[in-house]
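Trainee: Here it is: the structure, laid out below.
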Amino acid sequence: MAVGAVRPVVPVVQEEQDYPIDLENAERDAGLAQWAVRVHQPQDWPHGRFCVNDRARWPCPLYRWGFRVLLAAGWSEAAVEAYATGSGPPPAGTR
Ligand SMILES: [Zn+2]
């Protein structure tokens with residue numbers, strides 16, 4: 001990169017570009033979704049809230065995907081948020 005060149009900015013991904021969810025296999029994908037919501041956590045900066053993993057605006061596409069997969073697998077929103085932040089276990093009956 002040339003001296004003085006401007007670093008490219010990661011574009012903000014819009015909701016309509018979310019990764020698709022396979023509703024029939026949400027329970028199969030729940031393990032990967034758990035990883036996604038744990039790894040793609042927010043970090044506050046003076047210019048906004050960004051994902052610590054991929055630097056996208058938070059909630060980033062992978063966090064949103066994981067969140068929605070876990071809802072489809074039967075988790076409550078509160079359970080997903082607690083698990084994602086490390087303050088709660090997976091709900092009983094899930095893995
Ligand atoms: Zn992310």
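Residue numbering restarts at 1 for every chain of the structure tokens, chains are lettered A, B, ... in their displayed order, and ligands are numbered from 1 as they appear.
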Taking only C-alpha atoms and all ligand atoms into account, which residues have an atom no farther than 9 Å from ligand 1? I'd like them as a ChimeraX atom specification.
Mentor: /A:36-37,39-42,50-64
Trainee: Please provide as an mmCIF file with N, CA and C atoms, in the first residue's frame all residues within 9 Å of Val80 of chain A, with the sequence filter that same-chain residues fewer than 3 positions apart are discarded (counting only C-alpha atoms).
Mentor:
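Okay, around_11.cif is ready:
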data_model
loop_
_atom_site.group_PDB
_atom_site.id
_atom_site.type_symbol
_atom_site.label_atom_id
_atom_site.label_comp_id
_atom_site.auth_asym_id
_atom_site.auth_seq_id
_atom_site.Cartn_x
_atom_site.Cartn_y
_atom_site.Cartn_z
ATOM 1 N N GLN A 34 -23.527 -21.441 18.178
ATOM 2 C CA GLN A 34 -23.025 -21.096 19.512
ATOM 3 C C GLN A 34 -21.625 -20.502 19.405
ATOM 4 N N VAL A 37 -21.886 -16.791 18.009
ATOM 5 C CA VAL A 37 -22.314 -15.703 18.904
ATOM 6 C C VAL A 37 -21.293 -15.441 20.005
ATOM 7 N N PHE A 67 -27.381 -15.920 16.057
ATOM 8 C CA PHE A 67 -28.517 -15.573 16.914
ATOM 9 C C PHE A 67 -29.802 -16.171 16.347
ATOM 10 N N LEU A 70 -30.001 -20.030 16.564
ATOM 11 C CA LEU A 70 -30.315 -20.516 17.914
ATOM 12 C C LEU A 70 -31.780 -20.261 18.258
ATOM 13 N N LEU A 71 -32.343 -19.135 17.817
ATOM 14 C CA LEU A 71 -33.785 -18.925 18.019
ATOM 15 C C LEU A 71 -34.570 -20.018 17.299
ATOM 16 N N TRP A 75 -34.037 -21.757 21.283
ATOM 17 C CA TRP A 75 -33.519 -20.930 22.374
ATOM 18 C C TRP A 75 -34.357 -19.656 22.473
ATOM 19 N N SER A 76 -34.454 -19.099 23.671
ATOM 20 C CA SER A 76 -35.067 -17.784 23.831
ATOM 21 C C SER A 76 -34.013 -16.719 23.540
ATOM 22 N N GLU A 77 -34.479 -15.495 23.257
ATOM 23 C CA GLU A 77 -33.522 -14.403 23.029
ATOM 24 C C GLU A 77 -32.635 -14.198 24.257
ATOM 25 N N TYR A 83 -25.779 -16.749 26.822
ATOM 26 C CA TYR A 83 -24.732 -17.648 26.362
ATOM 27 C C TYR A 83 -23.643 -16.878 25.619
ATOM 28 N N ALA A 84 -24.066 -15.953 24.761
ATOM 29 C CA ALA A 84 -23.108 -15.204 23.942
ATOM 30 C C ALA A 84 -22.133 -14.416 24.798
ATOM 31 N N THR A 85 -22.624 -13.872 25.899
ATOM 32 C CA THR A 85 -21.758 -13.049 26.761
ATOM 33 C C THR A 85 -21.057 -13.875 27.824
ATOM 34 N N GLY A 88 -24.356 -17.374 30.783
ATOM 35 C CA GLY A 88 -25.369 -18.410 30.914
ATOM 36 C C GLY A 88 -25.012 -19.638 30.115
ATOM 37 N N PRO A 90 -25.990 -23.156 27.750
ATOM 38 C CA PRO A 90 -27.017 -23.466 26.753
ATOM 39 C C PRO A 90 -28.281 -23.925 27.471
ATOM 40 N N PRO A 91 -29.460 -23.644 26.949
ATOM 41 C CA PRO A 91 -30.695 -24.099 27.596
ATOM 42 C C PRO A 91 -30.713 -25.615 27.707
#
Trainee: Mind checking DSSP for chain A and telling me the strand (DSSP E) residues as a list in words?
Mentor: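 Strand (DSSP E) assignments inside chain A correspond to Pro42, Gln43, Asp44, Trp45, Gly48, Arg49, Phe50 and Cys51 of chain A.
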Trainee: Hey, what's within 12 Å of Arg28 of chain A if we count only C-alpha atoms and toss same-chain stuff fewer than 5 positions away? As a PDB file with N, CA and C atoms, in the first residue's frame, please?
Mentor:
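Saved file selection-v3.pdb follows:
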ATOM      1  N   ILE A  21     -30.737 -19.007   6.689  1.00  0.00           N
ATOM      2  CA  ILE A  21     -30.877 -19.984   7.768  1.00  0.00           C
ATOM      3  C   ILE A  21     -31.633 -21.189   7.224  1.00  0.00           C
ATOM      4  N   ASP A  22     -31.093 -22.362   7.509  1.00  0.00           N
ATOM      5  CA  ASP A  22     -31.755 -23.606   7.122  1.00  0.00           C
ATOM      6  C   ASP A  22     -32.634 -24.028   8.297  1.00  0.00           C
ATOM      7  N   LEU A  23     -33.904 -23.638   8.230  1.00  0.00           N
ATOM      8  CA  LEU A  23     -34.794 -23.864   9.374  1.00  0.00           C
ATOM      9  C   LEU A  23     -34.955 -25.344   9.705  1.00  0.00           C
ATOM     10  N   ALA A  33     -23.521 -22.204  15.490  1.00  0.00           N
ATOM     11  CA  ALA A  33     -24.149 -20.932  15.862  1.00  0.00           C
ATOM     12  C   ALA A  33     -23.685 -20.487  17.250  1.00  0.00           C
ATOM     13  N   GLN A  34     -23.527 -21.441  18.178  1.00  0.00           N
ATOM     14  CA  GLN A  34     -23.025 -21.096  19.512  1.00  0.00           C
ATOM     15  C   GLN A  34     -21.625 -20.502  19.405  1.00  0.00           C
ATOM     16  N   VAL A  69     -30.179 -18.639  14.142  1.00  0.00           N
ATOM     17  CA  VAL A  69     -30.169 -20.109  14.132  1.00  0.00           C
ATOM     18  C   VAL A  69     -30.557 -20.643  15.509  1.00  0.00           C
ATOM     19  N   LEU A  70     -30.001 -20.030  16.564  1.00  0.00           N
ATOM     20  CA  LEU A  70     -30.315 -20.516  17.914  1.00  0.00           C
ATOM     21  C   LEU A  70     -31.780 -20.261  18.258  1.00  0.00           C
ATOM     22  N   ALA A  72     -34.155 -20.338  16.074  1.00  0.00           N
ATOM     23  CA  ALA A  72     -34.849 -21.377  15.304  1.00  0.00           C
ATOM     24  C   ALA A  72     -34.696 -22.747  15.956  1.00  0.00           C
ATOM     25  N   ALA A  73     -33.602 -22.938  16.721  1.00  0.00           N
ATOM     26  CA  ALA A  73     -33.369 -24.215  17.400  1.00  0.00           C
ATOM     27  C   ALA A  73     -34.102 -24.278  18.739  1.00  0.00           C
ATOM     28  N   THR A  94     -30.606 -28.671  24.882  1.00  0.00           N
ATOM     29  CA  THR A  94     -29.894 -28.296  23.672  1.00  0.00           C
ATOM     30  C   THR A  94     -28.415 -28.583  23.889  1.00  0.00           C
ATOM     31  N   ARG A  95     -27.644 -28.440  22.829  1.00  0.00           N
ATOM     32  CA  ARG A  95     -26.214 -28.617  22.994  1.00  0.00           C
ATOM     33  C   ARG A  95     -25.475 -27.488  22.330  1.00  0.00           C
TER      34      ARG A  95
END
Trainee: Could you state the separation of atom CA of Glu81 of chain A and atom CA of Tyr19 of chain A in Å, given to one decimal place?
Mentor: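 Interatomic distance here is 19.3 Å.
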Trainee: List every residue of segment 9-67 of chain A that DSSP, applied to the backbone of this structure, assigns to alpha helix (DSSP H), and report them as a ChimeraX atom specification.
Mentor: /A:26-39,61-67
Trainee: Please save N, CA and C atoms of the selected residues as a PDB file, in the first residue's frame.
Mentor:
ATOM      1  N   ALA A  26     -31.815 -26.387  11.887  1.00  0.00           N
ATOM      2  CA  ALA A  26     -31.336 -25.419  12.876  1.00  0.00           C
ATOM      3  C   ALA A  26     -30.654 -26.119  14.048  1.00  0.00           C
ATOM      4  N   GLU A  27     -31.193 -27.236  14.477  1.00  0.00           N
ATOM      5  CA  GLU A  27     -30.572 -27.939  15.611  1.00  0.00           C
ATOM      6  C   GLU A  27     -29.209 -28.499  15.219  1.00  0.00           C
ATOM      7  N   ARG A  28     -29.082 -28.944  13.973  1.00  0.00           N
ATOM      8  CA  ARG A  28     -27.785 -29.436  13.496  1.00  0.00           C
ATOM      9  C   ARG A  28     -26.759 -28.302  13.497  1.00  0.00           C
ATOM     10  N   ASP A  29     -27.194 -27.098  13.118  1.00  0.00           N
ATOM     11  CA  ASP A  29     -26.292 -25.954  13.002  1.00  0.00           C
ATOM     12  C   ASP A  29     -26.080 -25.234  14.332  1.00  0.00           C
ATOM     13  N   ALA A  30     -26.759 -25.677  15.396  1.00  0.00           N
ATOM     14  CA  ALA A  30     -26.712 -24.934  16.661  1.00  0.00           C
ATOM     15  C   ALA A  30     -25.303 -24.869  17.242  1.00  0.00           C
ATOM     16  N   GLY A  31     -24.514 -25.921  17.073  1.00  0.00           N
ATOM     17  CA  GLY A  31     -23.155 -25.902  17.619  1.00  0.00           C
ATOM     18  C   GLY A  31     -22.306 -24.815  16.977  1.00  0.00           C
ATOM     19  N   LEU A  32     -22.411 -24.702  15.659  1.00  0.00           N
ATOM     20  CA  LEU A  32     -21.669 -23.660  14.954  1.00  0.00           C
ATOM     21  C   LEU A  32     -22.219 -22.280  15.316  1.00  0.00           C
ATOM     22  N   ALA A  33     -23.521 -22.204  15.490  1.00  0.00           N
ATOM     23  CA  ALA A  33     -24.149 -20.932  15.862  1.00  0.00           C
ATOM     24  C   ALA A  33     -23.685 -20.487  17.250  1.00  0.00           C
ATOM     25  N   GLN A  34     -23.527 -21.441  18.178  1.00  0.00           N
ATOM     26  CA  GLN A  34     -23.025 -21.096  19.512  1.00  0.00           C
ATOM     27  C   GLN A  34     -21.625 -20.502  19.405  1.00  0.00           C
ATOM     28  N   TRP A  35     -20.802 -21.115  18.581  1.00  0.00           N
ATOM     29  CA  TRP A  35     -19.450 -20.577  18.373  1.00  0.00           C
ATOM     30  C   TRP A  35     -19.543 -19.161  17.802  1.00  0.00           C
ATOM     31  N   ALA A  36     -20.428 -18.960  16.835  1.00  0.00           N
ATOM     32  CA  ALA A  36     -20.522 -17.655  16.168  1.00  0.00           C
ATOM     33  C   ALA A  36     -20.895 -16.544  17.147  1.00  0.00           C
ATOM     34  N   VAL A  37     -21.886 -16.791  18.009  1.00  0.00           N
ATOM     35  CA  VAL A  37     -22.314 -15.703  18.904  1.00  0.00           C
ATOM     36  C   VAL A  37     -21.293 -15.441  20.005  1.00  0.00           C
ATOM     37  N   ARG A  38     -20.489 -16.458  20.350  1.00  0.00           N
ATOM     38  CA  ARG A  38     -19.444 -16.242  21.365  1.00  0.00           C
ATOM     39  C   ARG A  38     -18.249 -15.484  20.794  1.00  0.00           C
ATOM     40  N   VAL A  39     -17.886 -15.804  19.559  1.00  0.00           N
ATOM     41  CA  VAL A  39     -16.688 -15.221  18.950  1.00  0.00           C
ATOM     42  C   VAL A  39     -16.955 -13.824  18.386  1.00  0.00           C
ATOM     43  N   PRO A  61     -22.819  -9.767  10.510  1.00  0.00           N
ATOM     44  CA  PRO A  61     -23.613 -10.819   9.853  1.00  0.00           C
ATOM     45  C   PRO A  61     -23.494 -12.186  10.530  1.00  0.00           C
ATOM     46  N   LEU A  62     -22.316 -12.582  10.980  1.00  0.00           N
ATOM     47  CA  LEU A  62     -22.200 -13.913  11.594  1.00  0.00           C
ATOM     48  C   LEU A  62     -22.864 -13.960  12.973  1.00  0.00           C
ATOM     49  N   TYR A  63     -22.808 -12.855  13.728  1.00  0.00           N
ATOM     50  CA  TYR A  63     -23.529 -12.840  15.008  1.00  0.00           C
ATOM     51  C   TYR A  63     -25.029 -12.957  14.749  1.00  0.00           C
ATOM     52  N   ARG A  64     -25.502 -12.181  13.777  1.00  0.00           N
ATOM     53  CA  ARG A  64     -26.948 -12.232  13.463  1.00  0.00           C
ATOM     54  C   ARG A  64     -27.347 -13.627  13.002  1.00  0.00           C
ATOM     55  N   TRP A  65     -26.492 -14.268  12.195  1.00  0.00           N
ATOM     56  CA  TRP A  65     -26.800 -15.616  11.724  1.00  0.00           C
ATOM     57  C   TRP A  65     -26.892 -16.568  12.911  1.00  0.00           C
ATOM     58  N   GLY A  66     -25.881 -16.532  13.773  1.00  0.00           N
ATOM     59  CA  GLY A  66     -25.878 -17.431  14.926  1.00  0.00           C
ATOM     60  C   GLY A  66     -27.067 -17.196  15.834  1.00  0.00           C
ATOM     61  N   PHE A  67     -27.381 -15.920  16.057  1.00  0.00           N
ATOM     62  CA  PHE A  67     -28.517 -15.573  16.914  1.00  0.00           C
ATOM     63  C   PHE A  67     -29.802 -16.171  16.347  1.00  0.00           C
TER      64      PHE A  67
END
